[in-house]
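Data block for final26.txt (compact mmCIF, C-alpha atoms):
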```
# COMPACT_ATOMS: atom_id res chain seq x y z
CA MET O 19 0.00 0.00 0.00
CA SER O 20 1.42 3.37 -1.02
CA TYR O 21 1.98 6.32 1.32
CA GLU O 22 -0.90 8.23 -0.26
CA GLU O 23 -3.33 5.29 -0.01
CA LYS O 24 -2.47 4.84 3.66
CA GLY O 25 -3.16 8.55 4.09
CA ALA O 26 -6.60 8.11 2.52
CA TRP O 27 -7.44 5.30 4.97
CA VAL O 28 -6.25 7.38 7.94
CA TYR O 29 -8.31 10.36 6.77
CA LEU O 30 -11.42 8.20 6.28
CA THR O 31 -11.03 6.77 9.78
CA VAL O 32 -10.53 10.21 11.32
CA VAL O 33 -13.51 11.76 9.52
CA LEU O 34 -15.83 8.91 10.53
CA GLY O 35 -14.51 8.86 14.09
CA SER O 36 -14.67 12.60 14.68
CA TYR O 37 -18.13 13.02 13.17
CA GLY O 38 -19.40 10.00 15.09
CA ALA O 39 -17.99 11.48 18.30
CA TYR O 40 -19.60 14.85 17.54
CA ILE O 41 -23.01 13.25 16.98
CA ALA O 42 -22.63 11.26 20.21
CA VAL O 43 -21.73 14.42 22.18
CA ILE O 44 -24.66 16.41 20.76
CA LEU O 45 -27.17 13.63 21.38
CA GLY O 46 -25.74 13.17 24.87
CA ARG O 47 -26.19 16.89 25.60
CA ALA O 48 -29.74 16.93 24.21
CA ASP O 49 -31.15 14.61 26.88
CA GLY O 50 -34.72 15.87 26.82
CA ILE O 51 -34.21 19.38 25.48
CA PRO O 52 -34.84 20.27 21.80
CA LEU O 53 -31.77 19.67 19.60
CA ALA O 54 -31.77 23.25 18.33
CA GLU O 55 -31.11 24.43 21.92
CA VAL O 56 -28.08 22.22 22.47
CA ALA O 57 -24.75 24.06 22.88
CA TYR O 58 -23.03 22.76 19.75
CA VAL O 59 -20.35 25.36 18.96
CA ALA O 60 -17.64 24.20 21.37
CA PRO O 61 -17.97 20.46 20.53
CA MET O 62 -17.98 21.24 16.81
CA LEU O 63 -14.86 23.42 16.96
CA TRP O 64 -13.07 21.02 19.31
CA LEU O 65 -13.78 18.00 17.13
CA ILE O 66 -12.69 19.82 13.97
CA GLY O 67 -9.45 20.72 15.73
CA ILE O 68 -9.00 17.22 17.15
CA SER O 69 -9.60 15.65 13.73
CA ILE O 70 -6.81 17.79 12.19
CA VAL O 71 -4.38 16.70 14.90
CA ALA O 72 -5.61 13.06 14.77
CA ASN O 73 -4.99 12.95 11.02
CA ILE O 74 -1.37 14.09 11.49
CA VAL O 75 -0.78 11.73 14.42
CA GLY O 76 -2.50 8.87 12.57
CA ARG O 77 -0.21 9.25 9.59
CA VAL O 78 2.85 9.28 11.81
CA VAL O 79 1.67 6.18 13.69
CA VAL O 80 0.86 4.27 10.48
CA GLU O 81 4.20 5.18 8.91
CA THR O 82 6.04 4.16 12.06
CA ALA O 83 4.22 0.82 12.20
CA LYS O 84 4.46 0.12 8.48
CA PRO O 85 6.87 2.44 6.68
CA SER O 86 6.27 3.22 3.01
CA GLY O 87 9.09 2.87 0.50
CA SER O 88 8.58 6.48 -0.56
CA THR O 89 6.59 9.36 0.85
CA LYS O 90 6.49 11.18 -2.48
CA SER O 91 3.30 11.29 -4.50
CA ASP O 92 3.51 10.45 -8.18
CA VAL O 93 1.43 10.99 -11.31
CA ARG O 94 -1.02 8.21 -10.37
CA ASP O 95 -1.59 9.71 -6.92
CA LYS O 96 -2.27 13.07 -8.55
CA ASP O 97 -4.74 11.52 -11.02
CA ILE O 98 -6.53 9.73 -8.18
CA ASN O 99 -6.58 12.86 -6.01
CA ARG O 100 -8.00 14.85 -8.90
CA LEU O 101 -10.80 12.30 -9.37
CA GLY O 102 -11.56 12.22 -5.64
CA GLY O 103 -11.57 16.01 -5.51
CA SER O 104 -13.96 16.36 -8.43
CA ILE O 105 -16.44 13.76 -7.11
CA GLY O 106 -16.17 15.18 -3.59
CA GLY O 107 -16.71 18.68 -4.96
CA LEU O 108 -19.85 17.54 -6.73
CA VAL O 109 -21.19 16.04 -3.50
CA LEU O 110 -20.33 19.24 -1.61
CA ALA O 111 -22.12 21.40 -4.17
CA VAL O 112 -25.29 19.32 -3.88
CA ALA O 113 -25.10 18.94 -0.08
CA MET O 114 -24.62 22.68 0.48
CA ALA O 115 -28.09 23.23 -0.98
CA VAL O 116 -29.46 22.03 2.36
CA PRO O 117 -27.90 24.74 4.62
CA PHE O 118 -28.64 27.29 1.91
CA GLY O 119 -32.30 26.29 1.98
CA LEU O 120 -32.32 26.36 5.79
CA ALA O 121 -30.84 29.85 5.80
CA LEU O 122 -33.46 31.05 3.32
CA ALA O 123 -36.15 29.50 5.52
CA LYS O 124 -34.67 31.35 8.54
CA ALA O 125 -34.02 28.09 10.40
CA SER O 126 -32.05 28.18 13.65
CA GLN O 127 -28.27 28.57 13.54
CA PHE O 128 -27.95 25.06 14.99
CA TRP O 129 -29.50 23.42 11.93
CA ILE O 130 -27.67 25.64 9.44
CA ALA O 131 -24.27 25.04 11.06
CA ASN O 132 -24.88 21.32 11.41
CA ALA O 133 -26.07 20.98 7.83
CA MET O 134 -22.87 22.72 6.70
CA TYR O 135 -20.75 20.45 8.88
CA ALA O 136 -22.57 17.39 7.49
CA ALA O 137 -22.00 18.68 3.93
CA PHE O 138 -18.25 18.96 4.56
CA VAL O 139 -18.22 15.47 6.07
CA ALA O 140 -20.08 14.15 3.00
CA PHE O 141 -17.48 15.90 0.79
CA ALA O 142 -14.62 14.31 2.72
CA LEU O 143 -16.21 10.85 2.75
CA ALA O 144 -17.15 10.83 -0.93
CA GLY O 145 -13.76 12.09 -2.10
CA THR O 146 -11.84 9.70 0.14
CA LEU O 147 -13.97 6.67 -0.74
CA VAL O 148 -13.49 7.38 -4.44
CA ARG O 149 -9.73 7.59 -3.87
CA ILE O 150 -9.65 4.31 -1.97
CA VAL O 151 -11.72 2.51 -4.62
CA ALA O 152 -9.42 3.91 -7.32
CA TYR O 153 -6.35 2.67 -5.44
CA ARG O 154 -7.89 -0.76 -4.83
CA ARG O 155 -9.74 -1.44 -8.10
CA GLY O 156 -7.88 0.72 -10.58
CA LEU O 157 -8.13 3.96 -12.50
CA GLN O 158 -8.44 3.98 -16.28
CA MET E 1 -14.52 3.79 -12.66
CA ALA E 2 -12.61 0.55 -12.95
CA LYS E 3 -13.68 -0.13 -16.52
CA PRO E 4 -11.14 -2.64 -17.82
CA THR E 5 -8.68 -1.24 -20.30
CA ARG E 6 -8.07 -2.99 -23.62
CA VAL E 7 -4.47 -1.86 -23.50
CA THR E 8 -2.14 -4.67 -22.56
CA ASN E 9 1.54 -4.41 -21.77
CA SER E 10 4.73 -6.45 -21.73
CA ILE E 11 6.41 -4.67 -18.85
CA ARG E 12 6.79 -7.80 -16.74
CA ALA E 13 8.43 -9.73 -19.60
CA LEU E 14 10.64 -6.75 -20.45
CA ARG E 15 11.78 -6.44 -16.85
CA PHE E 16 12.83 -10.08 -16.77
CA SER E 17 14.60 -9.82 -20.10
CA HIS E 18 16.52 -6.79 -18.81
CA GLY E 19 18.48 -8.44 -16.06
CA GLU E 20 15.45 -9.32 -13.96
CA MET E 21 14.88 -5.67 -13.20
CA THR E 22 12.68 -5.24 -10.13
CA GLN E 23 9.52 -3.16 -10.04
CA ALA E 24 11.26 -0.87 -7.56
CA GLU E 25 14.18 -0.30 -9.97
CA LEU E 26 11.83 0.49 -12.85
CA ALA E 27 9.81 2.79 -10.59
CA GLU E 28 12.94 4.63 -9.53
CA GLY E 29 14.05 4.95 -13.16
CA ILE E 30 10.91 6.82 -14.18
CA GLY E 31 10.12 8.60 -10.91
CA VAL E 32 6.96 6.84 -9.80
CA THR E 33 6.13 4.56 -6.87
CA ARG E 34 6.43 0.78 -7.02
CA GLN E 35 2.66 0.59 -6.48
CA THR E 36 2.15 2.53 -9.70
CA ILE E 37 4.31 0.07 -11.65
CA ILE E 38 2.29 -2.80 -10.14
CA ALA E 39 -0.98 -1.08 -11.12
CA ILE E 40 0.26 -0.49 -14.70
CA GLU E 41 1.50 -4.08 -15.07
CA GLN E 42 -1.84 -5.43 -13.86
CA GLY E 43 -3.82 -3.13 -16.17
CA ARG E 44 -5.36 -1.26 -13.24
CA TYR E 45 -3.90 2.08 -14.27
CA SER E 46 -3.43 3.52 -17.74
CA PRO E 47 -0.30 5.66 -17.60
CA SER E 48 0.00 9.02 -19.30
CA LEU E 49 1.71 9.12 -22.67
CA GLU E 50 4.73 10.70 -21.01
CA VAL E 51 5.10 7.86 -18.49
CA ALA E 52 4.54 5.30 -21.26
CA PHE E 53 7.43 6.83 -23.25
CA GLN E 54 9.60 6.89 -20.13
CA ILE E 55 8.98 3.18 -19.57
CA ALA E 56 9.83 2.38 -23.20
CA ARG E 57 12.99 4.45 -22.92
CA VAL E 58 14.16 2.53 -19.85
CA PHE E 59 13.96 -0.70 -21.87
CA LYS E 60 15.34 1.00 -25.03
CA VAL E 61 12.41 -0.25 -27.12
CA GLY E 62 9.53 1.37 -28.98
CA LEU E 63 6.20 2.17 -27.40
CA ASP E 64 4.55 -0.67 -29.37
CA ASP E 65 6.92 -3.14 -27.77
CA VAL E 66 5.72 -2.13 -24.32
CA PHE E 67 2.02 -1.42 -24.86
CA GLN E 68 -0.36 -3.19 -27.22
CA TYR E 69 -3.88 -2.36 -28.31
CA PRO E 70 -5.94 -5.11 -29.99
CA ASP E 71 -7.19 -4.74 -33.55
CA GLY E 72 -10.93 -5.02 -34.19
CA ASP E 73 -14.10 -3.43 -32.88
CA GLN E 74 -13.81 -0.44 -30.58
```
For the structure just supplied, provide its representation as structure tokens.
Amino acid sequence: MSYEEKGAWVYLTVVLGSYGAYIAVILGRADGIPLAEVAYVAPMLWLIGISIVANIVGRVVVETAKPSGSTKSDVRDKDINRLGGSIGGLVLAVAMAVPFGLALAKASQFWIANAMYAAFVAFALAGTLVRIVAYRRGLQ
Amino acid sequence: MAKPTRVTNSIRALRFSHGEMTQAELAEGIGVTRQTIIAIEQGRYSPSLEVAFQIARVFKVGLDDVFQYPDGDQ
């Protein structure tokens, strides 16, 4: 497995883990009160920050446990990244229609912010899954 | 995404006929990772024209000796 493919797996794990943790924290804080009244800002910012650090630490740990022959990306990595970026971008463009609609409907900040966060998670997941499939099954 | 390519290649045979060159040596010669050479050999990645020429140059053969495309229906 190449350095870049390992990075895609680490990123996928971190995105799923951090978003799962965020959802768990928010649902835990709700506990009987309406979701829109839950204090979401601090958990959201903390988990975004933690996910950035976890991605860096995860890559270091994976490379320490199973070093790659080279840490340079090549033309295939760039092709695969380009494909992942374009599919992810498409998903982001569609998903961002939701917070846009919520803002137009004057929904609460909670729902707008969370719809935006979910859109970015969908972007990250779609792009990374496409990259992993391209690494595993091929890119023509 | 993983639509099979009709392009085949003789990279594996060429490596063995050139002093049993390893995938890592070929990869180093053209500036890509060993995983990319594996993907090209297995038909899981169609290289750019530039990389294809670089591979042919390593073996000092023509492009047609490295990559083949079957005659017939498209």
Item to complete: Using only C-alpha atoms, determine which residues of chain E fall within 10 Å of chain O; present them as a list in words.
Response: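 Taken together, these residues fit the definition: Met1, Ala2, Lys3, Pro4, Thr5, Ala24, Gly31, Val32, Thr33, Arg34, Gln35, Thr36, Ile37, Ala39, Ile40, Gln42, Gly43, Arg44, Tyr45, Ser46, Pro47, Ser48 and Val51 of chain E.
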The distance between CA of Leu110 in chain O and CA of Val59 in chain O is 21.5 Å
- request: Please provide as a VMD selection string all residues within 10 Å of Gly76 in chain O, with the sequence filter that same-chain residues fewer than 4 positions apart are discarded (counting all atoms listed in the file).
  value: chain O and resid 24 to 25 27 to 29 31 to 32 69 to 72 80 to 82
Could the centre and edge lengths of an axis-aligned box, enclosing all atoms of range 24-35 of chain E in the file with 3 Å extra on each side, be given in Å to one decimal as AutoDock Vina command-line options?
```
--center_x 8.4 --center_y 3.9 --center_z -10.3 --size_x 17.5 --size_y 15.5 --size_z 13.7
```
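The interatomic distance for the pair CA of Met21 in chain E and CA of Lys60 in chain E works out to 13.6 Å.
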Point to revise | Separation of CA of Tyr135 in chain O from CA of Pro61 in chain O in Å | key: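 Interatomic distance here is 12.0 Å.
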Test item: residues at most 10 Å from Ile44 in chain O, all atoms listed in the file, excluding those fewer than 5 positions along its chain, as a list in words
Ala39, Asp49, Leu53, Val56, Ala57, Tyr58, Pro61 and Met62 of chain O
